[in-house]
Structure formats: C-alpha cells, structure tokens
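Q: As input, take entry_8.txt (compact mmCIF, C-alpha atoms):
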# COMPACT_ATOMS: atom_id res chain seq x y z
CA MET A 1 49.24 8.27 -15.73
CA ALA A 2 49.33 11.38 -13.55
CA ASN A 3 46.57 12.98 -15.64
CA ALA A 4 44.13 10.16 -14.81
CA ALA A 5 44.99 9.63 -11.14
CA ARG A 6 44.43 12.91 -9.33
CA ALA A 7 47.09 14.20 -6.95
CA LEU A 8 46.45 13.59 -3.27
CA SER A 9 45.15 16.69 -1.54
CA THR A 10 47.18 18.15 1.33
CA VAL A 11 43.97 18.39 3.39
CA ARG A 12 42.21 15.05 3.64
CA VAL A 13 38.41 14.93 3.83
CA ASN A 14 36.85 12.83 6.58
CA ARG A 15 35.08 10.33 4.38
CA ASP A 16 32.80 9.11 7.15
CA GLN A 17 31.23 12.57 7.20
CA LEU A 18 30.45 12.72 3.48
CA GLU A 19 26.81 13.06 2.46
CA PHE A 20 25.27 9.74 1.50
CA VAL A 21 22.20 7.97 0.21
CA GLN A 22 20.92 4.46 0.86
CA GLY A 23 20.61 2.21 -2.18
CA GLN A 24 19.75 -1.41 -2.86
CA ILE A 25 22.56 -3.46 -4.42
CA ALA A 26 22.50 -7.16 -5.28
CA PHE A 27 25.27 -9.49 -4.06
CA ALA A 28 26.06 -13.17 -4.43
CA ARG A 29 24.69 -15.15 -1.51
CA ARG A 30 27.56 -16.12 0.79
CA THR A 31 25.84 -18.87 2.78
CA SER A 32 22.53 -20.67 2.56
CA ASP A 33 21.39 -19.14 5.85
CA GLU A 34 22.28 -15.54 4.92
CA LYS A 35 19.43 -13.39 6.17
CA ALA A 36 18.79 -10.97 3.32
CA PRO A 37 16.03 -10.61 0.70
CA GLU A 38 16.49 -12.88 -2.29
CA VAL A 39 16.68 -11.29 -5.76
CA HIS A 40 16.98 -12.57 -9.33
CA LEU A 41 18.86 -10.89 -12.16
CA PRO A 42 19.20 -12.06 -15.78
CA ARG A 43 22.41 -13.91 -16.76
CA TYR A 44 23.45 -14.57 -13.16
CA GLN A 45 22.84 -18.23 -12.46
CA MET A 46 23.52 -18.10 -8.74
CA PRO A 47 21.63 -17.34 -5.51
CA MET A 48 21.61 -13.58 -4.95
CA VAL A 49 20.55 -11.32 -2.11
CA SER A 50 19.91 -7.61 -1.81
CA TYR A 51 21.30 -5.24 0.80
CA ASP A 52 20.59 -1.62 1.65
CA VAL A 53 24.01 -0.02 1.21
CA THR A 54 25.36 3.36 2.33
CA ILE A 55 26.67 5.10 -0.80
CA ARG A 56 28.68 8.26 -0.20
CA ASN A 57 29.05 11.33 -2.41
CA ALA A 58 32.57 11.15 -3.86
CA ARG A 59 32.62 14.62 -5.41
CA PRO A 60 34.26 16.29 -2.37
CA ILE A 61 37.14 13.78 -2.52
CA VAL A 62 37.79 13.76 -6.29
CA GLY A 63 41.19 15.32 -5.68
CA GLU A 64 42.13 12.43 -3.40
CA LEU A 65 40.97 9.56 -5.61
CA SER A 66 43.47 7.34 -7.40
CA LEU A 67 43.06 4.52 -9.89
CA ASP A 68 45.92 2.75 -8.10
CA ARG A 69 44.31 2.99 -4.63
CA GLU A 70 40.52 3.26 -4.71
CA GLY A 71 40.40 2.03 -8.31
CA PHE A 72 38.30 4.90 -9.71
CA THR A 73 38.29 8.63 -10.30
CA LEU A 74 36.35 11.36 -12.09
CA VAL A 75 37.75 13.48 -14.93
CA GLN A 76 36.32 16.06 -17.31
CA HIS A 77 36.03 15.23 -21.00
CA LYS A 78 33.65 16.53 -23.67
CA ALA A 79 32.65 14.24 -26.53
CA ALA A 80 31.07 15.69 -29.67
CA CYS A 81 28.97 12.66 -30.63
CA LEU A 82 26.77 12.28 -27.55
CA ASN A 83 23.58 13.62 -29.18
CA GLU A 84 23.63 10.89 -31.83
CA ALA A 85 20.28 9.06 -31.54
CA ASP A 86 21.28 5.84 -33.31
CA SER A 87 23.04 3.74 -30.65
CA GLU A 88 25.15 1.81 -33.17
CA VAL A 89 26.42 5.00 -34.81
CA LEU A 90 26.94 6.58 -31.39
CA CYS A 91 29.13 3.70 -30.20
CA ALA A 92 31.30 3.78 -33.33
CA GLN A 93 31.79 7.55 -33.18
CA TYR A 94 32.38 7.42 -29.44
CA LEU A 95 35.34 5.08 -29.83
CA LYS A 96 36.92 7.37 -32.43
CA GLU A 97 36.92 10.14 -29.83
CA MET A 98 37.75 8.09 -26.76
CA ILE A 99 40.72 6.01 -27.95
CA PRO A 100 43.05 9.02 -28.48
CA PHE A 101 41.80 10.58 -25.25
CA ILE A 102 42.58 7.45 -23.21
CA LYS A 103 45.98 7.13 -24.88
CA SER A 104 46.85 10.72 -24.02
CA CYS A 105 45.32 10.56 -20.54
CA PHE A 106 47.51 7.62 -19.54
CA ASN A 107 50.51 8.48 -21.73
CA ALA A 108 50.15 4.94 -23.07
CA SER A 109 52.04 3.27 -25.88
CA ARG A 110 48.81 2.07 -27.51
CA VAL A 111 45.13 1.56 -26.71
CA VAL A 112 42.78 -1.09 -28.06
CA ALA A 113 39.04 -0.82 -27.34
CA ARG A 114 37.03 -3.93 -26.59
CA ARG A 115 34.48 -3.29 -29.29
CA GLU A 116 31.65 -5.47 -27.97
CA SER A 117 31.83 -3.61 -24.64
CA VAL A 118 30.83 -0.18 -25.93
CA ILE A 119 27.35 -0.18 -24.43
CA VAL A 120 24.45 2.26 -24.24
CA ARG A 121 22.18 1.61 -21.27
CA SER A 122 18.80 2.92 -20.25
CA ALA A 123 17.08 2.42 -16.90
CA GLY A 124 13.57 2.41 -18.37
CA GLU A 125 11.61 -0.30 -20.12
CA ASN A 126 13.40 0.13 -23.41
CA SER A 127 13.13 -2.11 -26.45
CA THR A 128 15.41 0.08 -28.59
CA PRO A 129 17.93 -2.09 -30.46
CA GLY A 130 21.42 -1.88 -28.98
CA VAL A 131 20.28 -0.40 -25.66
CA ARG A 132 20.56 -2.48 -22.48
CA GLY A 133 19.38 -2.10 -18.91
CA PRO A 134 21.66 -1.12 -16.01
CA GLY A 135 23.67 -3.75 -14.14
CA GLY A 136 22.42 -3.95 -10.55
CA MET A 137 24.79 -6.71 -9.37
CA ALA A 138 27.98 -5.85 -7.46
CA HIS A 139 30.64 -7.14 -9.83
CA ILE A 140 34.04 -6.78 -11.50
CA ASP A 141 33.60 -7.43 -15.21
CA TYR A 142 36.55 -9.78 -15.78
CA ALA A 143 38.52 -12.17 -13.59
CA PRO A 144 42.25 -11.23 -13.52
CA LEU A 145 43.44 -14.34 -15.38
CA ASP A 146 41.03 -13.64 -18.24
CA CYS A 147 42.09 -10.07 -19.01
CA PRO A 148 45.39 -10.76 -20.86
CA VAL A 149 43.63 -13.50 -22.85
CA LEU A 150 40.74 -11.21 -23.77
CA ALA A 151 43.21 -8.46 -24.70
CA ALA A 152 45.10 -10.79 -27.06
CA ARG A 153 41.83 -12.02 -28.56
CA GLU A 154 40.67 -8.44 -29.18
CA ASN A 155 43.90 -7.72 -31.03
CA GLN A 156 43.34 -10.78 -33.21
CA LEU A 157 39.72 -9.84 -33.93
CA GLN A 158 40.81 -6.37 -35.07
CA GLY A 159 43.83 -7.61 -37.04
CA ILE A 160 46.28 -5.85 -34.73
CA PRO A 161 49.71 -7.50 -34.33
CA ILE A 162 50.26 -8.80 -30.79
CA GLU A 163 53.32 -7.03 -29.36
CA PRO A 164 55.19 -7.41 -26.06
CA TYR A 165 54.37 -4.97 -23.28
CA SER A 166 55.65 -4.12 -19.82
CA ARG A 167 52.23 -3.30 -18.37
CA LEU A 168 48.60 -3.82 -19.33
CA LEU A 169 45.57 -2.06 -17.87
CA LEU A 170 41.88 -2.53 -18.45
CA ILE A 171 40.35 0.93 -18.09
CA GLN A 172 36.59 1.36 -18.08
CA ALA A 173 34.88 4.65 -18.86
CA TRP A 174 31.30 5.56 -17.88
CA ARG A 175 29.26 8.70 -18.44
CA ALA A 176 25.62 9.72 -18.24
CA LEU A 177 23.89 10.92 -21.41
CA SER A 178 20.63 11.95 -19.74
CA PRO A 179 20.05 15.07 -17.63
CA SER A 180 20.72 14.96 -13.90
CA PRO A 181 19.73 13.76 -11.41
CA GLN A 182 19.70 10.19 -12.75
CA ASP A 183 17.43 7.54 -11.26
CA PHE A 184 19.98 4.68 -11.42
CA PRO A 185 23.49 6.11 -10.87
CA LEU A 186 26.65 4.04 -10.87
CA ALA A 187 28.11 3.07 -7.47
CA LEU A 188 31.77 2.07 -7.08
CA CYS A 189 33.44 0.17 -4.25
CA ASP A 190 36.71 1.50 -2.80
CA ASN A 191 39.26 -1.23 -3.50
CA ASN A 192 40.88 -0.58 -0.09
CA SER A 193 37.73 -1.85 1.60
CA LEU A 194 37.36 -4.99 -0.53
CA LEU A 195 38.63 -8.34 0.78
CA GLU A 196 39.64 -11.13 -1.59
CA THR A 197 37.35 -13.44 0.36
CA ASP A 198 34.44 -11.23 -0.70
CA VAL A 199 35.17 -11.76 -4.43
CA MET A 200 33.87 -14.86 -6.20
CA VAL A 201 34.84 -15.89 -9.74
CA HIS A 202 32.05 -17.35 -11.88
CA ASP A 203 31.31 -18.28 -15.48
CA TYR A 204 29.53 -15.50 -17.34
CA THR A 205 27.87 -15.18 -20.72
CA SER A 206 27.50 -11.65 -22.08
CA ASP A 207 24.55 -10.19 -23.98
CA VAL A 208 26.32 -10.97 -27.26
CA GLY A 209 27.18 -14.55 -26.29
CA SER A 210 30.82 -14.17 -25.22
CA LYS A 211 31.86 -16.52 -22.42
CA PHE A 212 34.48 -15.59 -19.84
CA ASN A 213 35.14 -15.54 -16.11
CA SER A 214 33.72 -12.59 -14.25
CA CYS A 215 33.70 -11.72 -10.54
CA VAL A 216 30.78 -11.03 -8.23
CA LEU A 217 30.85 -9.73 -4.68
CA HIS A 218 29.58 -11.07 -1.40
CA TYR A 219 28.19 -8.43 0.92
CA ASN A 220 30.50 -7.15 3.65
CA PRO A 221 29.46 -4.18 5.86
CA LEU A 222 33.09 -2.99 5.75
CA GLU A 223 32.85 -2.26 2.01
CA ARG A 224 32.81 1.46 1.24
CA TRP A 225 30.65 2.49 -1.69
CA TYR A 226 30.68 5.85 -3.50
CA TYR A 227 28.89 7.61 -6.35
CA PHE A 228 29.04 10.91 -8.21
CA PRO A 229 25.64 12.63 -8.03
CA ASP A 230 24.28 14.90 -10.75
CA MET A 231 26.43 13.54 -13.55
CA SER A 232 26.64 15.68 -16.68
CA PRO A 233 27.80 14.39 -20.09
CA SER A 234 31.21 15.99 -19.55
CA ASP A 235 31.71 14.07 -16.29
CA LEU A 236 33.62 10.88 -17.08
CA ILE A 237 34.15 8.15 -14.50
CA LEU A 238 37.31 6.16 -15.13
CA PHE A 239 37.81 2.93 -13.22
CA LYS A 240 40.22 0.06 -13.35
CA GLY A 241 39.21 -3.51 -14.15
CA TYR A 242 42.69 -5.02 -14.33
CA ASP A 243 46.34 -4.10 -13.89
CA SER A 244 49.26 -6.42 -14.63
CA ASP A 245 51.35 -4.43 -12.10
CA GLU A 246 50.77 -6.33 -8.87
CA ASN A 247 51.76 -3.29 -6.82
CA SER A 248 48.98 -1.18 -8.35
CA ASN A 249 46.27 -3.74 -9.00
CA ALA A 250 43.30 -1.94 -7.47
CA ARG A 251 40.04 -2.95 -9.17
CA ALA A 252 36.75 -1.12 -8.84
CA ALA A 253 33.74 -3.31 -8.21
CA HIS A 254 30.61 -1.49 -9.29
CA ALA A 255 26.82 -1.67 -9.62
CA ALA A 256 23.88 0.50 -10.55
CA PHE A 257 21.47 1.37 -7.74
CA ASP A 258 17.98 2.82 -7.55
CA ASN A 259 18.26 6.36 -6.18
CA ARG A 260 14.59 7.32 -6.44
CA ARG A 261 14.15 6.95 -2.69
CA ALA A 262 16.49 9.92 -2.13
CA ASP A 263 15.33 11.78 -5.24
CA PRO A 264 11.79 10.80 -6.30
CA ASP A 265 11.96 13.25 -9.24
CA ALA A 266 15.14 11.73 -10.68
CA LYS A 267 15.17 11.38 -14.45
CA GLN A 268 15.49 8.14 -16.39
CA ARG A 269 19.16 7.32 -16.78
CA ARG A 270 20.73 6.88 -20.19
CA SER A 271 24.47 6.22 -20.22
CA ILE A 272 27.34 5.01 -22.35
CA GLU A 273 30.30 2.92 -21.24
CA ALA A 274 33.42 1.56 -22.90
CA ARG A 275 36.41 -0.62 -22.01
CA PHE A 276 39.96 -0.14 -23.16
CA PHE A 277 43.08 -2.29 -23.06
CA VAL A 278 45.88 0.17 -22.30
CA TYR A 279 49.43 -0.97 -23.14
CA PHE A 280 52.83 0.31 -22.03
CA ASP A 281 56.01 -0.79 -23.80
Would you encode the structure as structure tokens?
A:
Amino acid sequence: MANAARALSTVRVNRDQLEFVQGQIAFARRTSDEKAPEVHLPRYQMPMVSYDVTIRNARPIVGELSLDREGFTLVQHKAACLNEADSEVLCAQYLKEMIPFIKSCFNASRVVARRESVIVRSAGENSTPGVRGPGGMAHIDYAPLDCPVLAARENQLQGIPIEPYSRLLLIQAWRALSPSPQDFPLALCDNNSLLETDVMVHDYTSDVGSKFNSCVLHYNPLERWYYFPDMSPSDLILFKGYDSDENSNARAAHAAFDNRRADPDAKQRRSIEARFFVYFD
C-alpha cells in the first residue's frame, strides 16, 4: 500500500496558508432553523442547504497525503483508452486497464470492480447516453455496513467465488477527461476534520436502480476541504470509501463544486470514475 499512500514529507506545509477558492457545496440540513439557502438535488429526498466553502489547493501537500489519514491522495497513471468517444466502450476498456493497476498499486491479493459504478460525467447539459451530471452533494457513497454486502454481491454477479480475506478496502478512482481548468472540480474532505455526528446515513437509489445505504454530510465550519486544480488525464485521484481495518478507516467525503467564480473561463468538465473492492488474504 506504500505506492498509493505517499510518504510523509520531512517538512510539513502549513495548510492554513495554502491557496484556496470559495465554492458552493450542498449539505443535508441539520436542523429546521438552519440559516442557509435551500437547494434541491435529484435522488436526494431530504432537506438540503448550500454553503460557501473554503476549498484549498492540495497539490503542494501531495507528498503528505495518506489514504489512511486524510482518506485521499493523487497519483500519476496514464490510461490508453481515454480518447474513446463511446462511453460504454470507454468504461469497459477503462476497467481492463485499471484493475491490474489498482492491484499492483496496493499490492492486493485480488481486485473486483463494481461494474455499475464506472461512470462518465459531464458538467454541461448533456443528453448523451451513459453520461451523468456531477454530484454536488457532500457525501460518502456507501455506509460502512453496506460495503462488505455490496462486495459479496458484486462477486456473485460476476461469478467470482467468495473467498475469505483479512482486509477489504473500497477504493475510488477519479480523473478528468477534459482539458484544464475544469468548471466543476472534485472537492474532498479531510477525514481528520470530519466528526461522526456530521455524517448521516440515508436510503439511496442509484441511477441504475440499485438501493443501498449511503452517507451525506451536515455542514460544519471545522471541515477542511481540498481539491486538485488543473487536472490532466494522467492525474488520478484515489480516495477511500471503506476499510475493514478499524485502525485505518479514513473515508473521504466528496462533492463537485462550481469553480467558475474563481475561473470564469474554465472549461466544461468531463470525467470518469470507478470503484474497486480491494482484497487482502
């Protein structure tokens, strides 16, 4: 796992002094009298509010980031299939390249991709089949109790024998396909700043009709949000959605945000993401 979690630098960067932008992120309403603008997003059947959040540039601290502490990091990886125009073909080819990379990156015993969660997104008004809009809600995709169940179900769907394991991770991978700067980058919340009381489990139905428990966030001004500006296709954000090791169970809440206030000339974002169940014997 040392390849995925960068070594801690001997000289620590003062994170409060990092460059930042302000971006609007949607959160679950905490109380009925919460004084914040109300927003509505598809598939979230709950009261939501929007906050202007400080989102810091994480590039200067890439060497300090750890999947086991902050819950996310940035690595370099080139994929050969990214110019494929057909989103269905792109997703299939992408998995063929990413599964061996993730296995090698984490020195894992085996890796199983969650096939329905290989997603191409576009920030524009896009009716292209297989392309979805960005997720603007602060969330963690799966509740902890659901991850082992979803992992076993994915094995069954793919005809893979279910084997015992000592550790299971859910690793999520995100990269931009469009030129930088992107209008709706991905923001990630440092797990060290996230309180359990700020995380709410709720019933969720995905775009393809799957039902499971997801998590959404309440706003807390103590939360520290980061992003990686000017993403290129070889920049790959890895973040953790689950870890069966209770001593390393950082999870990265995340959300897209509109960055056109800071960069009015930003280009329409197109991105691809994937989720992988990573097993260790």
Q: Work out how far apart CA of Tyr44 (chain A) and CA of Gln24 (chain A) are and give it in Å to one decimal.
A: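 Separating CA of Tyr44 (chain A) from CA of Gln24 (chain A) is a distance of 17.1 Å.
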Q: Quick one: residues within 9 Å of (29.7, 1.7, -27.7) (file frame), counting all atoms listed in the file, please, as an mmCIF file with C-alpha atoms, in the coordinates of the input.
A:
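Output file selection.cif is given in full below:
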data_model
loop_
_atom_site.group_PDB
_atom_site.id
_atom_site.type_symbol
_atom_site.label_atom_id
_atom_site.label_comp_id
_atom_site.auth_asym_id
_atom_site.auth_seq_id
_atom_site.Cartn_x
_atom_site.Cartn_y
_atom_site.Cartn_z
ATOM 1 C CA SER A 87 23.040 3.740 -30.650
ATOM 2 C CA GLU A 88 25.150 1.810 -33.170
ATOM 3 C CA VAL A 89 26.420 5.000 -34.810
ATOM 4 C CA LEU A 90 26.940 6.580 -31.390
ATOM 5 C CA CYS A 91 29.130 3.700 -30.200
ATOM 6 C CA ALA A 92 31.300 3.780 -33.330
ATOM 7 C CA GLN A 93 31.790 7.550 -33.180
ATOM 8 C CA TYR A 94 32.380 7.420 -29.440
ATOM 9 C CA LEU A 95 35.340 5.080 -29.830
ATOM 10 C CA ARG A 115 34.480 -3.290 -29.290
ATOM 11 C CA GLU A 116 31.650 -5.470 -27.970
ATOM 12 C CA SER A 117 31.830 -3.610 -24.640
ATOM 13 C CA VAL A 118 30.830 -0.180 -25.930
ATOM 14 C CA ILE A 119 27.350 -0.180 -24.430
ATOM 15 C CA VAL A 120 24.450 2.260 -24.240
ATOM 16 C CA ILE A 272 27.340 5.010 -22.350
ATOM 17 C CA GLU A 273 30.300 2.920 -21.240
ATOM 18 C CA ALA A 274 33.420 1.560 -22.900
#
Q: Sort by chain and increasing residue number a table of all residues of region 103-167 of chain A within 7 Å of region 204-217 of chain A, each with its closest pair of atoms and their distance in Å to one decimal, counting only C-alpha atoms, and write it as a Markdown table.
A:
| residue | atom | partner | partner_atom | distance |
| --- | --- | --- | --- | --- |
| A:Ala138 | CA | A:Leu217 | CA | 5.6 |
| A:His139 | CA | A:Val216 | CA | 4.2 |
| A:Ile140 | CA | A:Cys215 | CA | 5.0 |
| A:Asp141 | CA | A:Ser214 | CA | 5.2 |
| A:Tyr142 | CA | A:Ser214 | CA | 4.3 |
| A:Ala143 | CA | A:Ser214 | CA | 4.9 |
| A:Asp146 | CA | A:Asn213 | CA | 6.5 |
Q: Near region 247-249 of chain A, counting all atoms listed in the file, which residues have an atom at most 6 Å away, once you skip same-chain residues fewer than 2 positions from it, shown as a PyMOL selection string?
A: chain A and resi 68+243+245
Q: What does the file look like for those residues with C-alpha atoms, as a PDB file, keeping the file's coordinate frame?
A:
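Writing the result to again29.pdb gives the following:
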ATOM      1  CA  ASP A  68      45.920   2.750  -8.100  1.00  0.00           C
ATOM      2  CA  ASP A 243      46.340  -4.100 -13.890  1.00  0.00           C
ATOM      3  CA  ASP A 245      51.350  -4.430 -12.100  1.00  0.00           C
TER       4      ASP A 245
END
Q: Point out the residue among A:Met48, A:Cys81, A:Ala173, A:Met231 with the least atom-to-atom distance to Lys35 (chain A), counting all atoms listed in the file.
A: A:Met48
Q: Could you please determine the separation between CA of Leu222 (chain A) and CA of Ser271 (chain A) in Å, to one decimal place?
A: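 These atoms are spaced 28.9 Å apart.
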Q: If we count only C-alpha atoms, what is near Arg69 (chain A) at a cut-off of 9 Å, once residues fewer than 2 positions away on the same chain are taken out, given as a PDB file with C-alpha atoms, in the frame of the given file?
A:
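File selection33.pdb, as written:
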ATOM      1  CA  LEU A  65      40.970   9.560  -5.610  1.00  0.00           C
ATOM      2  CA  SER A  66      43.470   7.340  -7.400  1.00  0.00           C
ATOM      3  CA  LEU A  67      43.060   4.520  -9.890  1.00  0.00           C
ATOM      4  CA  GLY A  71      40.400   2.030  -8.310  1.00  0.00           C
ATOM      5  CA  PHE A  72      38.300   4.900  -9.710  1.00  0.00           C
ATOM      6  CA  ASP A 190      36.710   1.500  -2.800  1.00  0.00           C
ATOM      7  CA  ASN A 191      39.260  -1.230  -3.500  1.00  0.00           C
ATOM      8  CA  ASN A 192      40.880  -0.580  -0.090  1.00  0.00           C
ATOM      9  CA  SER A 248      48.980  -1.180  -8.350  1.00  0.00           C
ATOM     10  CA  ASN A 249      46.270  -3.740  -9.000  1.00  0.00           C
ATOM     11  CA  ALA A 250      43.300  -1.940  -7.470  1.00  0.00           C
ATOM     12  CA  ARG A 251      40.040  -2.950  -9.170  1.00  0.00           C
TER      13      ARG A 251
END
Q: Enter the distance from CA of Ile61 (chain A) to CA of Gln76 (chain A), in Å, rounded to one decimal.
A: 15.0 Å
Q: For Asn155 (chain A), work out the shell of residues within 12 Å, counting only C-alpha atoms and skipping chain neighbours fewer than 3 positions away, then give it as a list of chain:residue names.
A: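 The neighbour list is A:Arg110, A:Val111, A:Val112, A:Ala113, A:Arg114, A:Arg115, A:Pro148, A:Val149, A:Leu150, A:Ala151, A:Ala152, A:Gln158, A:Gly159, A:Ile160, A:Pro161, A:Ile162, A:Glu163, A:Phe276, A:Phe277, A:Val278, A:Tyr279.
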Q: Using only C-alpha atoms for the distances, tell me which of A:Tyr165, A:Tyr219, A:Trp174, A:Trp225 is nearest to Arg121 (chain A).
A: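 Closest residue, counting only C-alpha atoms: A:Trp174.
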Q: Between A:Ile171, A:Met200, A:Val53, A:Val75, which residue has the minimum interatomic distance to Arg29 (chain A), considering all atoms listed in the file?
A: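 The closest residue to Arg29 (chain A) is A:Met200.
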Q: If I wrap all listed atoms of region 177-185 of chain A in a box with edges along x, y and z and add 5 Å on each side, what are its centre and edge lengths in Å to one decimal, as lines of an AutoDock Vina configuration file?
A:
center_x = 20.7
center_y = 9.9
center_z = -16.1
size_x = 16.5
size_y = 20.4
size_z = 20.5
Q: Pick the closest to Gln45 (chain A) from A:Arg275, A:Gly63, A:Gly133, A:Ala28: which is it, counting all atoms listed in the file?
A: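 The answer is A:Ala28, which sits nearest to Gln45 (chain A).
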Q: Select, from A:Ile102, A:Ala262, A:Val21, A:Leu170, the residue with the minimum atom-to-atom distance to Tyr227 (chain A), counting only C-alpha atoms.
A: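 Closest to Tyr227 (chain A) of all the choices is A:Val21.
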Q: A:Ile99, A:Met137, A:Val131, A:Ala253: which is nearest Pro47 (chain A), counting only C-alpha atoms?
A: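 So, comparing all the options, the nearest one is A:Met137.
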Q: Would you mind putting N, CA and C atoms back on region 71-90 of chain A and writing the result as a PDB file, in the coordinates of the input?
A:
ATOM      1  N   GLY A  71      40.757   2.719  -7.072  1.00  0.00           N
ATOM      2  CA  GLY A  71      40.400   2.030  -8.310  1.00  0.00           C
ATOM      3  C   GLY A  71      39.544   2.846  -9.242  1.00  0.00           C
ATOM      4  N   PHE A  72      39.167   4.072  -8.855  1.00  0.00           N
ATOM      5  CA  PHE A  72      38.300   4.900  -9.710  1.00  0.00           C
ATOM      6  C   PHE A  72      38.579   6.365  -9.464  1.00  0.00           C
ATOM      7  N   THR A  73      38.194   7.186 -10.430  1.00  0.00           N
ATOM      8  CA  THR A  73      38.290   8.630 -10.300  1.00  0.00           C
ATOM      9  C   THR A  73      37.311   9.285 -11.266  1.00  0.00           C
ATOM     10  N   LEU A  74      37.227  10.583 -11.217  1.00  0.00           N
ATOM     11  CA  LEU A  74      36.350  11.360 -12.090  1.00  0.00           C
ATOM     12  C   LEU A  74      37.180  12.403 -12.807  1.00  0.00           C
ATOM     13  N   VAL A  75      37.045  12.480 -14.138  1.00  0.00           N
ATOM     14  CA  VAL A  75      37.750  13.480 -14.930  1.00  0.00           C
ATOM     15  C   VAL A  75      36.728  14.208 -15.809  1.00  0.00           C
ATOM     16  N   GLN A  76      37.172  15.291 -16.416  1.00  0.00           N
ATOM     17  CA  GLN A  76      36.320  16.060 -17.310  1.00  0.00           C
ATOM     18  C   GLN A  76      36.728  15.795 -18.756  1.00  0.00           C
ATOM     19  N   HIS A  77      35.757  15.469 -19.584  1.00  0.00           N
ATOM     20  CA  HIS A  77      36.030  15.230 -21.000  1.00  0.00           C
ATOM     21  C   HIS A  77      34.745  15.450 -21.784  1.00  0.00           C
ATOM     22  N   LYS A  78      34.808  16.286 -22.811  1.00  0.00           N
ATOM     23  CA  LYS A  78      33.650  16.530 -23.670  1.00  0.00           C
ATOM     24  C   LYS A  78      33.772  15.705 -24.940  1.00  0.00           C
ATOM     25  N   ALA A  79      32.708  15.009 -25.291  1.00  0.00           N
ATOM     26  CA  ALA A  79      32.650  14.240 -26.530  1.00  0.00           C
ATOM     27  C   ALA A  79      31.623  14.876 -27.449  1.00  0.00           C
ATOM     28  N   ALA A  80      31.927  14.966 -28.722  1.00  0.00           N
ATOM     29  CA  ALA A  80      31.070  15.690 -29.670  1.00  0.00           C
ATOM     30  C   ALA A  80      29.899  14.860 -30.172  1.00  0.00           C
ATOM     31  N   CYS A  81      29.943  13.538 -29.982  1.00  0.00           N
ATOM     32  CA  CYS A  81      28.970  12.660 -30.630  1.00  0.00           C
ATOM     33  C   CYS A  81      27.797  12.274 -29.740  1.00  0.00           C
ATOM     34  N   LEU A  82      27.688  12.831 -28.541  1.00  0.00           N
ATOM     35  CA  LEU A  82      26.770  12.280 -27.550  1.00  0.00           C
ATOM     36  C   LEU A  82      25.298  12.505 -27.869  1.00  0.00           C
ATOM     37  N   ASN A  83      24.985  13.395 -28.798  1.00  0.00           N
ATOM     38  CA  ASN A  83      23.580  13.620 -29.180  1.00  0.00           C
ATOM     39  C   ASN A  83      23.112  12.712 -30.301  1.00  0.00           C
ATOM     40  N   GLU A  84      23.993  11.836 -30.773  1.00  0.00           N
ATOM     41  CA  GLU A  84      23.630  10.890 -31.830  1.00  0.00           C
ATOM     42  C   GLU A  84      22.556   9.934 -31.306  1.00  0.00           C
ATOM     43  N   ALA A  85      21.405   9.864 -32.009  1.00  0.00           N
ATOM     44  CA  ALA A  85      20.280   9.060 -31.540  1.00  0.00           C
ATOM     45  C   ALA A  85      20.446   7.573 -31.830  1.00  0.00           C
ATOM     46  N   ASP A  86      21.087   7.236 -32.945  1.00  0.00           N
ATOM     47  CA  ASP A  86      21.280   5.840 -33.310  1.00  0.00           C
ATOM     48  C   ASP A  86      22.395   5.253 -32.442  1.00  0.00           C
ATOM     49  N   SER A  87      22.064   4.249 -31.613  1.00  0.00           N
ATOM     50  CA  SER A  87      23.040   3.740 -30.650  1.00  0.00           C
ATOM     51  C   SER A  87      24.234   3.092 -31.334  1.00  0.00           C
ATOM     52  N   GLU A  88      24.031   2.447 -32.470  1.00  0.00           N
ATOM     53  CA  GLU A  88      25.150   1.810 -33.170  1.00  0.00           C
ATOM     54  C   GLU A  88      26.115   2.851 -33.717  1.00  0.00           C
ATOM     55  N   VAL A  89      25.576   3.916 -34.306  1.00  0.00           N
ATOM     56  CA  VAL A  89      26.420   5.000 -34.810  1.00  0.00           C
ATOM     57  C   VAL A  89      27.113   5.706 -33.655  1.00  0.00           C
ATOM     58  N   LEU A  90      26.371   5.924 -32.564  1.00  0.00           N
ATOM     59  CA  LEU A  90      26.940   6.580 -31.390  1.00  0.00           C
ATOM     60  C   LEU A  90      28.152   5.815 -30.867  1.00  0.00           C
TER      61      LEU A  90
END
